[in-house]
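Have a look at final_34.pdb; it's PDB, C-alpha atoms:
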MODEL        1
ATOM      1  CA  MET A  23     -13.366  36.974  27.119
ATOM      2  CA  THR A  24     -12.165  39.929  25.077
ATOM      3  CA  ASN A  25      -8.501  40.024  24.139
ATOM      4  CA  LYS A  26      -6.828  42.956  22.385
ATOM      5  CA  GLN A  27      -4.155  40.546  21.117
ATOM      6  CA  ASN A  28      -6.835  39.225  18.744
ATOM      7  CA  VAL A  29      -7.190  42.640  17.091
ATOM      8  CA  MET A  30      -5.256  43.168  13.868
ATOM      9  CA  ALA A  31      -4.871  46.097  11.496
ATOM     10  CA  GLY A  32      -4.693  45.372   7.767
ATOM     11  CA  LYS A  33      -1.130  46.647   7.393
ATOM     12  CA  PRO A  34       0.903  45.522   4.380
ATOM     13  CA  LYS A  35       3.631  42.971   4.920
ATOM     14  CA  VAL A  36       7.036  44.641   4.695
ATOM     15  CA  GLY A  37       8.821  43.605   1.526
ATOM     16  CA  GLY A  38       5.676  42.989  -0.510
ATOM     17  CA  ALA A  39       1.959  42.726   0.085
ATOM     18  CA  VAL A  40       0.150  42.395  -3.264
ATOM     19  CA  PHE A  41       1.015  39.547  -5.605
ATOM     20  CA  ARG A  42      -0.406  38.179  -8.847
ATOM     21  CA  ALA A  43       0.245  34.961 -10.762
ATOM     22  CA  PRO A  44      -1.195  33.432 -13.928
ATOM     23  CA  LEU A  45      -4.486  31.595 -13.609
ATOM     24  CA  GLY A  46      -3.846  27.963 -12.664
ATOM     25  CA  THR A  47      -0.750  28.670 -10.564
ATOM     26  CA  PRO A  48      -0.761  26.466  -7.431
ATOM     27  CA  VAL A  49      -1.957  28.602  -4.538
ATOM     28  CA  PRO A  50      -0.419  28.893  -1.075
ATOM     29  CA  THR A  51      -1.922  26.728   1.649
ATOM     30  CA  ASP A  52      -1.012  28.739   4.744
ATOM     31  CA  ALA A  53      -0.221  32.233   5.986
ATOM     32  CA  ILE A  54       3.557  32.018   6.191
ATOM     33  CA  THR A  55       5.100  29.818   3.491
ATOM     34  CA  PRO A  56       6.935  31.981   0.951
ATOM     35  CA  LEU A  57       5.092  32.332  -2.346
ATOM     36  CA  SER A  58       6.389  30.515  -5.404
ATOM     37  CA  GLU A  59       8.315  32.480  -8.013
ATOM     38  CA  GLU A  60       5.245  32.610 -10.281
ATOM     39  CA  PHE A  61       3.768  35.228  -7.930
ATOM     40  CA  ILE A  62       4.902  38.695  -9.002
ATOM     41  CA  GLU A  63       4.864  41.500  -6.435
ATOM     42  CA  LEU A  64       2.908  44.519  -7.731
ATOM     43  CA  GLY A  65       4.420  47.249  -5.586
ATOM     44  CA  TYR A  66       2.934  49.993  -3.480
ATOM     45  CA  VAL A  67      -0.792  50.399  -2.908
ATOM     46  CA  SER A  68      -2.416  53.754  -2.134
ATOM     47  CA  SER A  69      -2.954  54.615   1.527
ATOM     48  CA  ASP A  70      -6.573  53.399   1.225
ATOM     49  CA  GLY A  71      -5.275  49.809   1.124
ATOM     50  CA  TRP A  72      -7.643  47.310  -0.447
ATOM     51  CA  ALA A  73     -11.291  46.445   0.114
ATOM     52  CA  ARG A  74     -13.158  43.173  -0.316
ATOM     53  CA  GLN A  75     -16.797  43.294  -1.361
ATOM     54  CA  ILE A  76     -19.312  40.460  -1.010
ATOM     55  CA  ASN A  77     -22.549  41.233  -2.803
ATOM     56  CA  LYS A  78     -25.753  39.263  -2.321
ATOM     57  CA  ALA A  79     -29.319  39.887  -3.401
ATOM     58  CA  PHE A  80     -32.423  38.065  -2.189
ATOM     59  CA  GLU A  81     -36.010  37.948  -3.342
ATOM     60  CA  ALA A  82     -38.794  37.440  -0.838
ATOM     61  CA  ILE A  83     -41.036  34.402  -1.225
ATOM     62  CA  ASN A  84     -44.491  35.107   0.127
ATOM     63  CA  ALA A  85     -47.292  32.748   1.066
ATOM     64  CA  TRP A  86     -50.868  33.284   0.080
ATOM     65  CA  GLY A  87     -52.004  36.208   2.146
ATOM     66  CA  GLY A  88     -48.679  38.025   1.941
ATOM     67  CA  ASP A  89     -46.613  36.548   4.779
ATOM     68  CA  GLU A  90     -42.938  36.260   3.923
ATOM     69  CA  VAL A  91     -41.946  32.623   4.365
ATOM     70  CA  SER A  92     -38.511  32.487   2.796
ATOM     71  CA  LYS A  93     -35.942  34.316   0.754
ATOM     72  CA  SER A  94     -34.394  33.086  -2.462
ATOM     73  CA  ARG A  95     -30.880  34.236  -3.283
ATOM     74  CA  THR A  96     -30.881  35.750  -6.759
ATOM     75  CA  GLU A  97     -27.317  37.113  -6.913
ATOM     76  CA  HIS A  98     -23.983  36.430  -5.291
ATOM     77  CA  GLY A  99     -20.597  37.894  -6.132
ATOM     78  CA  VAL A 100     -17.184  38.565  -4.666
ATOM     79  CA  SER A 101     -14.823  41.331  -5.715
ATOM     80  CA  PHE A 102     -12.027  43.511  -4.401
ATOM     81  CA  SER A 103     -10.759  46.974  -5.196
ATOM     82  CA  THR A 104      -7.435  48.726  -4.790
ATOM     83  CA  ASP A 105      -5.296  51.438  -6.356
ATOM     84  CA  LEU A 106      -1.769  50.404  -7.302
ATOM     85  CA  ILE A 107       0.580  53.390  -7.397
ATOM     86  CA  GLU A 108       3.804  52.080  -8.972
ATOM     87  CA  ASN A 109       3.046  53.474 -12.419
ATOM     88  CA  LEU A 110       6.616  52.734 -13.575
ATOM     89  CA  ASN A 111       6.400  49.042 -12.582
ATOM     90  CA  VAL A 112       5.983  46.877 -15.693
ATOM     91  CA  ASP A 113       4.211  44.115 -13.757
ATOM     92  CA  THR A 114       1.671  46.581 -12.379
ATOM     93  CA  GLN A 115       1.043  47.851 -15.906
ATOM     94  CA  LYS A 116       0.591  44.265 -17.192
ATOM     95  CA  ALA A 117      -1.883  43.529 -14.394
ATOM     96  CA  LYS A 118      -3.932  46.567 -15.442
ATOM     97  CA  TRP A 119      -3.772  46.433 -19.239
ATOM     98  CA  GLY A 120      -2.894  42.783 -19.991
ATOM     99  CA  GLU A 121       0.352  41.070 -20.981
ATOM    100  CA  ALA A 122      -0.138  41.655 -24.713
ATOM    101  CA  ALA A 123      -0.688  45.402 -24.278
ATOM    102  CA  VAL A 124       2.587  46.127 -22.466
ATOM    103  CA  THR A 125       6.109  46.144 -23.883
ATOM    104  CA  PHE A 126       9.220  46.559 -21.737
ATOM    105  CA  THR A 127      12.683  47.589 -22.907
ATOM    106  CA  ASN A 128      15.666  47.480 -20.542
ATOM    107  CA  ALA A 129      17.672  50.607 -19.854
ATOM    108  CA  ASP A 130      20.814  51.227 -21.851
ATOM    109  CA  ALA A 131      23.290  54.088 -22.381
ATOM    110  CA  THR A 132      20.687  56.209 -24.200
ATOM    111  CA  HIS A 133      17.535  55.738 -22.071
ATOM    112  CA  GLY A 134      16.112  54.316 -18.855
ATOM    113  CA  ASN A 135      13.728  51.362 -18.606
ATOM    114  CA  LEU A 136      10.956  51.884 -21.135
ATOM    115  CA  ILE A 137       7.341  50.758 -20.780
ATOM    116  CA  THR A 138       4.945  51.096 -23.701
ATOM    117  CA  VAL A 139       1.221  50.514 -23.194
ATOM    118  CA  GLU A 140      -0.854  49.999 -26.356
ATOM    119  CA  TYR A 141      -4.455  50.075 -25.173
ATOM    120  CA  SER A 142      -7.066  48.562 -27.487
ATOM    121  CA  GLY A 143      -9.851  47.895 -24.982
ATOM    122  CA  ASP A 144      -9.206  44.154 -24.726
ATOM    123  CA  GLU A 145     -10.076  42.318 -21.512
ATOM    124  CA  THR A 146      -7.260  41.771 -19.060
ATOM    125  CA  ASP A 147      -5.770  38.411 -18.214
ATOM    126  CA  PRO A 148      -7.363  36.462 -15.335
ATOM    127  CA  GLY A 149      -5.066  35.479 -12.509
ATOM    128  CA  VAL A 150      -4.524  34.465  -8.905
ATOM    129  CA  TRP A 151      -4.149  37.341  -6.436
ATOM    130  CA  VAL A 152      -2.631  37.248  -2.939
ATOM    131  CA  PHE A 153      -2.673  39.962  -0.263
ATOM    132  CA  ASP A 154      -0.186  39.572   2.613
ATOM    133  CA  MET A 155      -0.709  41.600   5.788
ATOM    134  CA  ASP A 156       1.387  41.785   8.947
ATOM    135  CA  ASP A 157       0.563  43.742  12.097
ATOM    136  CA  GLN A 158       3.251  43.172  14.749
ATOM    137  CA  ASN A 159       3.707  39.508  13.753
ATOM    138  CA  LYS A 160      -0.047  38.915  13.448
ATOM    139  CA  ILE A 161      -0.347  37.715   9.861
ATOM    140  CA  GLN A 162      -3.180  37.372   7.394
ATOM    141  CA  ARG A 163      -2.870  36.080   3.847
ATOM    142  CA  THR A 164      -5.881  36.326   1.543
ATOM    143  CA  VAL A 165      -5.847  34.213  -1.626
ATOM    144  CA  PHE A 166      -8.246  34.872  -4.507
ATOM    145  CA  PHE A 167      -8.253  31.862  -6.850
ATOM    146  CA  ASN A 168      -9.609  33.261 -10.125
ATOM    147  CA  CYS A 169      -9.848  37.012 -10.671
ATOM    148  CA  GLN A 170     -10.103  39.465 -13.527
ATOM    149  CA  ASP A 171      -9.937  43.243 -13.553
ATOM    150  CA  THR A 172     -13.451  44.314 -14.545
ATOM    151  CA  THR A 173     -13.186  48.033 -13.821
ATOM    152  CA  GLU A 174     -16.069  49.451 -15.847
ATOM    153  CA  SER A 175     -14.904  53.038 -16.038
ATOM    154  CA  PHE A 176     -12.350  55.125 -14.248
ATOM    155  CA  GLU A 177     -10.572  58.417 -14.374
ATOM    156  CA  GLN A 178      -6.835  58.797 -13.909
ATOM    157  CA  THR A 179      -5.602  62.125 -12.604
ATOM    158  CA  PHE A 180      -2.207  63.412 -13.664
ATOM    159  CA  SER A 181      -1.224  66.350 -11.481
ATOM    160  CA  ASP A 182       1.708  67.720  -9.548
ATOM    161  CA  SER A 183      -0.025  67.060  -6.219
ATOM    162  CA  ASP A 184      -0.646  63.307  -6.456
ATOM    163  CA  VAL A 185       0.922  60.123  -7.749
ATOM    164  CA  VAL A 186      -0.329  58.352 -10.861
ATOM    165  CA  ALA A 187      -2.551  55.481  -9.720
ATOM    166  CA  LEU A 188      -3.907  52.451 -11.553
ATOM    167  CA  PRO A 189      -7.358  51.653 -10.131
ATOM    168  CA  PHE A 190      -8.534  48.053  -9.975
ATOM    169  CA  GLU A 191     -12.044  46.714  -9.434
ATOM    170  CA  VAL A 192     -11.527  42.980  -9.671
ATOM    171  CA  THR A 193     -14.245  40.355  -9.999
ATOM    172  CA  CYS A 194     -13.518  37.007  -8.362
ATOM    173  CA  TYR A 195     -14.869  33.694  -9.591
ATOM    174  CA  LYS A 196     -15.115  30.330  -7.860
ATOM    175  CA  ASP A 197     -12.198  27.965  -8.103
ATOM    176  CA  PRO A 198     -13.472  24.972 -10.118
ATOM    177  CA  VAL A 199     -11.683  22.488  -7.851
ATOM    178  CA  THR A 200     -12.493  23.828  -4.373
ATOM    179  CA  GLY A 201     -15.627  25.847  -5.155
ATOM    180  CA  LEU A 202     -14.159  28.753  -3.162
ATOM    181  CA  TYR A 203     -13.939  32.412  -4.116
ATOM    182  CA  PHE A 204     -11.135  33.111  -1.648
ATOM    183  CA  ILE A 205      -9.485  31.782   1.450
ATOM    184  CA  ASP A 206      -8.059  33.704   4.429
ATOM    185  CA  TYR A 207      -5.144  32.260   6.387
ATOM    186  CA  THR A 208      -4.103  33.830   9.699
ATOM    187  CA  ASP A 209      -1.299  33.318  12.186
ATOM    188  CA  ASP A 210      -1.644  35.139  15.514
ATOM    189  CA  GLY A 211       2.145  35.091  16.019
ATOM    190  CA  LYS A 212       1.937  33.485  19.466
ATOM    191  CA  LYS A 213       4.581  30.765  19.216
ATOM    192  CA  VAL A 214       4.880  28.050  21.873
ATOM    193  CA  MET A 215       8.414  27.217  22.932
ATOM    194  CA  ALA A 216       9.171  23.529  23.399
TER     195      ALA A 216
ENDMDL
END
I'd like the structure from this file rewritten - as C-alpha coordinates, please.
Amino acid sequence: MTNKQNVMAGKPKVGGAVFRAPLGTPVPTDAITPLSEEFIELGYVSSDGWARQINKAFEAINAWGGDEVSKSRTEHGVSFSTDLIENLNVDTQKAKWGEAAVTFTNADATHGNLITVEYSGDETDPGVWVFDMDDQNKIQRTVFFNCQDTTESFEQTFSDSDVVALPFEVTCYKDPVTGLYFIDYTDDGKKVMA
(Lines of atoms letter the chains of each structure in order from A and count residues from 1; the text may use other names and numbers.)
(Lines give C-alpha, C1' and ligand atoms only; values in the text may rest on other atoms or scores of the structure.)
Protein backbone atom coordinates (compact mmCIF):
# COMPACT_ATOMS: atom_id res chain seq x y z
CA MET A 1 0.00 0.00 0.00
CA THR A 2 1.29 3.46 -0.85
CA ASN A 3 2.05 5.79 2.02
CA LYS A 4 3.05 9.44 1.60
CA GLN A 5 4.71 9.28 5.03
CA ASN A 6 7.42 7.19 3.34
CA VAL A 7 8.29 10.06 0.98
CA MET A 8 11.24 12.23 1.97
CA ALA A 9 12.89 15.27 0.43
CA GLY A 10 16.68 15.55 0.63
CA LYS A 11 16.62 18.66 2.82
CA PRO A 12 19.73 19.52 4.84
CA LYS A 13 19.66 18.91 8.57
CA VAL A 14 19.39 22.22 10.42
CA GLY A 15 22.64 23.04 12.17
CA GLY A 16 24.88 21.18 9.73
CA ALA A 17 24.50 18.75 6.87
CA VAL A 18 27.90 18.15 5.25
CA PHE A 19 30.78 16.83 7.33
CA ARG A 20 34.29 15.59 6.62
CA ALA A 21 36.85 13.78 8.77
CA PRO A 22 40.32 12.38 8.14
CA LEU A 23 40.54 8.99 6.48
CA GLY A 24 40.40 6.26 9.13
CA THR A 25 38.08 8.14 11.48
CA PRO A 26 35.51 5.74 13.00
CA VAL A 27 32.27 6.18 11.09
CA PRO A 28 28.77 6.58 12.52
CA THR A 29 26.65 3.45 12.75
CA ASP A 30 23.15 4.94 12.67
CA ALA A 31 21.14 7.93 11.49
CA ILE A 32 20.85 9.85 14.74
CA THR A 33 23.91 9.51 16.99
CA PRO A 34 25.83 12.80 17.05
CA LEU A 35 29.04 12.70 15.03
CA SER A 36 32.37 12.61 16.82
CA GLU A 37 34.41 15.80 17.07
CA GLU A 38 36.71 14.63 14.25
CA PHE A 39 33.89 15.41 11.79
CA ILE A 40 34.13 19.04 10.69
CA GLU A 41 31.01 20.74 9.33
CA LEU A 42 31.68 22.31 5.91
CA GLY A 43 28.93 24.91 5.84
CA TYR A 44 26.33 25.84 3.28
CA VAL A 45 25.82 23.94 0.03
CA SER A 46 24.39 25.55 -3.11
CA SER A 47 20.65 25.19 -3.68
CA ASP A 48 21.35 22.23 -6.02
CA GLY A 49 22.19 20.12 -2.95
CA TRP A 50 24.37 17.10 -3.66
CA ALA A 51 24.15 14.23 -6.13
CA ARG A 52 25.36 10.65 -5.88
CA GLN A 53 26.49 8.90 -9.04
CA ILE A 54 26.87 5.14 -9.50
CA ASN A 55 28.57 4.30 -12.77
CA LYS A 56 28.66 0.81 -14.26
CA ALA A 57 29.71 -0.48 -17.65
CA PHE A 58 29.05 -3.94 -19.08
CA GLU A 59 30.33 -5.83 -22.08
CA ALA A 60 28.11 -8.32 -23.85
CA ILE A 61 29.24 -11.93 -24.04
CA ASN A 62 27.90 -13.60 -27.16
CA ALA A 63 27.61 -17.26 -28.06
CA TRP A 64 28.59 -18.65 -31.40
CA GLY A 65 25.98 -17.37 -33.77
CA GLY A 66 25.65 -14.00 -32.06
CA ASP A 67 23.13 -14.59 -29.27
CA GLU A 68 23.89 -12.57 -26.16
CA VAL A 69 24.22 -15.01 -23.27
CA SER A 70 25.65 -12.86 -20.51
CA LYS A 71 27.14 -9.53 -19.61
CA SER A 72 30.49 -8.98 -17.95
CA ARG A 73 30.90 -5.91 -15.77
CA THR A 74 33.95 -3.99 -16.95
CA GLU A 75 33.67 -0.86 -14.79
CA HIS A 76 32.11 0.15 -11.50
CA GLY A 77 32.48 3.41 -9.61
CA VAL A 78 30.77 5.57 -7.03
CA SER A 79 31.09 9.33 -6.73
CA PHE A 80 29.23 12.39 -5.52
CA SER A 81 29.19 16.03 -6.48
CA THR A 82 28.28 19.23 -4.68
CA ASP A 83 29.12 22.93 -4.58
CA LEU A 84 30.14 24.29 -1.19
CA ILE A 85 29.49 28.02 -0.93
CA GLU A 86 31.19 29.11 2.31
CA ASN A 87 34.27 30.50 0.58
CA LEU A 88 35.42 32.16 3.83
CA ASN A 89 35.28 28.89 5.81
CA VAL A 90 38.80 27.55 6.38
CA ASP A 91 37.59 23.95 6.64
CA THR A 92 35.80 24.20 3.30
CA GLN A 93 38.98 25.58 1.74
CA LYS A 94 41.05 22.72 3.25
CA ALA A 95 38.58 20.16 1.89
CA LYS A 96 39.00 21.65 -1.60
CA TRP A 97 42.73 22.40 -1.75
CA GLY A 98 44.23 20.13 0.94
CA GLU A 99 45.45 20.80 4.48
CA ALA A 100 48.98 21.75 3.40
CA ALA A 101 47.75 24.35 0.89
CA VAL A 102 45.70 26.41 3.36
CA THR A 103 46.94 28.70 6.12
CA PHE A 104 44.64 30.35 8.65
CA THR A 105 45.42 33.37 10.82
CA ASN A 106 43.03 34.49 13.56
CA ALA A 107 41.59 37.98 13.54
CA ASP A 108 43.28 40.66 15.59
CA ALA A 109 43.07 44.46 15.98
CA THR A 110 44.47 45.05 12.48
CA HIS A 111 42.62 42.46 10.35
CA GLY A 112 39.86 39.86 10.27
CA ASN A 113 40.36 36.10 9.98
CA LEU A 114 42.81 35.47 7.17
CA ILE A 115 42.85 32.45 4.85
CA THR A 116 45.72 31.96 2.41
CA VAL A 117 45.49 29.29 -0.28
CA GLU A 118 48.77 28.35 -2.01
CA TYR A 119 47.73 26.13 -4.90
CA SER A 120 50.42 23.92 -6.43
CA GLY A 121 48.23 21.30 -8.12
CA ASP A 122 48.78 18.63 -5.47
CA GLU A 123 46.09 16.01 -4.86
CA THR A 124 43.72 16.67 -2.00
CA ASP A 125 43.58 14.65 1.18
CA PRO A 126 41.26 11.61 1.23
CA GLY A 127 38.64 11.55 3.94
CA VAL A 128 35.33 10.31 5.29
CA TRP A 129 32.27 12.32 4.23
CA VAL A 130 28.83 12.39 5.86
CA PHE A 131 25.62 14.00 4.56
CA ASP A 132 22.81 14.50 7.10
CA MET A 133 19.29 15.18 5.84
CA ASP A 134 16.09 15.88 7.76
CA ASP A 135 12.62 16.34 6.28
CA GLN A 136 10.06 16.86 9.07
CA ASN A 137 11.82 14.39 11.39
CA LYS A 138 12.39 11.86 8.60
CA ILE A 139 16.16 11.46 8.69
CA GLN A 140 18.75 10.08 6.31
CA ARG A 141 22.48 9.94 6.95
CA THR A 142 24.79 8.91 4.12
CA VAL A 143 28.34 7.88 5.03
CA PHE A 144 31.09 7.64 2.41
CA PHE A 145 34.04 5.70 3.86
CA ASN A 146 36.97 6.72 1.66
CA CYS A 147 36.69 9.70 -0.69
CA GLN A 148 38.94 12.09 -2.54
CA ASP A 149 38.13 15.21 -4.51
CA THR A 150 38.99 14.29 -8.10
CA THR A 151 37.45 17.26 -9.89
CA GLU A 152 39.22 17.18 -13.25
CA SER A 153 38.57 20.74 -14.31
CA PHE A 154 36.27 23.49 -13.20
CA GLU A 155 35.60 27.16 -13.59
CA GLN A 156 34.92 29.48 -10.67
CA THR A 157 32.87 32.57 -11.39
CA PHE A 158 33.49 35.73 -9.41
CA SER A 159 30.67 38.19 -10.04
CA ASP A 160 28.38 40.55 -8.20
CA SER A 161 25.34 38.37 -8.95
CA ASP A 162 26.43 35.07 -7.39
CA VAL A 163 28.33 33.67 -4.44
CA VAL A 164 31.80 32.18 -4.78
CA ALA A 165 31.41 28.39 -4.90
CA LEU A 166 33.91 25.58 -4.49
CA PRO A 167 32.83 22.70 -6.76
CA PHE A 168 33.52 19.13 -5.70
CA GLU A 169 33.42 15.96 -7.80
CA VAL A 170 34.46 13.32 -5.31
CA THR A 171 35.46 9.75 -6.11
CA CYS A 172 34.58 7.15 -3.49
CA TYR A 173 36.56 3.99 -2.87
CA LYS A 174 35.62 0.81 -1.03
CA ASP A 175 36.27 0.61 2.67
CA PRO A 176 38.94 -2.09 3.10
CA VAL A 177 37.22 -3.53 6.18
CA THR A 178 33.56 -3.62 5.09
CA GLY A 179 34.00 -3.62 1.31
CA LEU A 180 31.36 -0.87 1.08
CA TYR A 181 31.47 2.37 -0.87
CA PHE A 182 28.80 4.02 1.28
CA ILE A 183 26.02 3.26 3.68
CA ASP A 184 22.63 4.99 4.06
CA TYR A 185 20.93 5.09 7.45
CA THR A 186 17.32 6.26 7.75
CA ASP A 187 14.90 6.93 10.58
CA ASP A 188 11.27 7.52 9.59
CA GLY A 189 10.64 9.51 12.79
CA LYS A 190 7.65 7.41 13.84
CA LYS A 191 8.39 6.78 17.51
CA VAL A 192 6.39 4.24 19.53
CA MET A 193 5.41 5.36 23.00
CA ALA A 194 5.74 2.74 25.73
TODO: Report the distance between CA of Thr24 (chain A) and CA of Arg163 (chain A) in Å, rounded to one decimal place.
DONE: 23.5 Å
- [ ] Would you mind telling me which residue in A:Asp154, A:Thr208, A:Val185, A:Thr51 lies nearest to Asn109 (chain A) when using only C-alpha atoms?
- [x]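 Nearest candidate to Asn109 (chain A) out of A:Asp154, A:Thr208, A:Val185, A:Thr51: A:Val185.
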TODO: Starting from the shown file, work through the PyMOL selection byres ((chain A and resi 139-142) around 8) and note down what comes out as a list in words.
DONE: Gln115, Trp119, Ala123, Val124, Thr125, Ile137, Thr138, Gly143 and Asp144 of chain A
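Nearest-residue note for Phe80 (chain A): choosing from A:Ser101, A:Asn28, A:Ser92, A:Gln162, the minimum distance belongs to A:Ser92, counting only C-alpha atoms.
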- [ ] Identify which of the residues A:Phe190, A:Phe180, A:Tyr207, A:Tyr195 lies closest to Phe166 (chain A), counting all atoms listed in the file when measuring atom-to-atom distances.
- [x]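 Among A:Phe190, A:Phe180, A:Tyr207, A:Tyr195, it is A:Tyr195 that comes nearest to Phe166 (chain A).
Between Ile76 (chain A) and the residues A:Leu45, A:Val192, A:Val150, A:Met215, the shortest atom-to-atom distance, using all atoms listed in the file, involves A:Val192.
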- [ ] With a distance cut-off of 10 Å and all atoms listed in the file, select the neighbouring residues of Trp151 (chain A), excluding the residue or stretch itself and same-chain residues fewer than 3 positions from it, and output the selection as number ranges by chain.
- [x] A: 40-45, 49, 61-63, 148, 164-170, 192, 194, 204
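When CA of Pro198 (chain A) is paired with CA of Gly46 (chain A), their separation reads 10.4 Å.
When all atoms listed in the file are used to measure the gap to Gly120 (chain A), the shortest distance among A:Gln27, A:Lys33, A:Thr96, A:Thr146 belongs to A:Thr146.
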Task: Using all atoms listed in the file: which of A:Lys93, A:Lys213, A:Asn128, A:Val67 has the shortest distance to Ala79 (chain A) - done: A:Lys93
Using the chain letters and numbers from the file, which residues does the PyMOL selection byres ((chain A and resi 78) around 6) grab, as an mmCIF file with C-alpha atoms, keeping the file's coordinate frame?
data_model
loop_
_atom_site.group_PDB
_atom_site.id
_atom_site.type_symbol
_atom_site.label_atom_id
_atom_site.label_comp_id
_atom_site.auth_asym_id
_atom_site.auth_seq_id
_atom_site.Cartn_x
_atom_site.Cartn_y
_atom_site.Cartn_z
ATOM 1 C CA ASN A 77 -22.549 41.233 -2.803
ATOM 2 C CA ALA A 79 -29.319 39.887 -3.401
ATOM 3 C CA GLU A 97 -27.317 37.113 -6.913
ATOM 4 C CA HIS A 98 -23.983 36.430 -5.291
#
Open item on the list: Show me, as a ChimeraX atom specification, the residues that have an atom within 10 Å of Trp72 (chain A) when counting only C-alpha atoms, minus same-chain residues fewer than 2 positions from it.
Closed with: /A:32,34,40,67-70,74,102-106,153,190
Env of Gln158 (chain A): 10 Å cut, atoms = only C-alpha atoms, seq-sep filter 4 positions within chain, self excluded. Answer as a PDB file with C-alpha atoms, in the frame of the given file.
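See around-v4.pdb below for the written result:
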ATOM      1  CA  MET A  30      -5.256  43.168  13.868  1.00  0.00           C
ATOM      2  CA  ALA A  31      -4.871  46.097  11.496  1.00  0.00           C
ATOM      3  CA  LYS A  33      -1.130  46.647   7.393  1.00  0.00           C
ATOM      4  CA  LYS A  35       3.631  42.971   4.920  1.00  0.00           C
ATOM      5  CA  ASP A 210      -1.644  35.139  15.514  1.00  0.00           C
ATOM      6  CA  GLY A 211       2.145  35.091  16.019  1.00  0.00           C
TER       7      GLY A 211
END
TODO: Rounded to one decimal place, report the CA of Asp156 (chain A)-CA of Gly201 (chain A) distance in Å.
DONE: 27.2 Å
Open item on the list: Could you list, as a PyMOL selection string, every residue within 9 Å of Lys212 (chain A), counting only C-alpha atoms and ignoring same-chain residues fewer than 3 positions away?
Closed with: chain A and resi 159-160+209
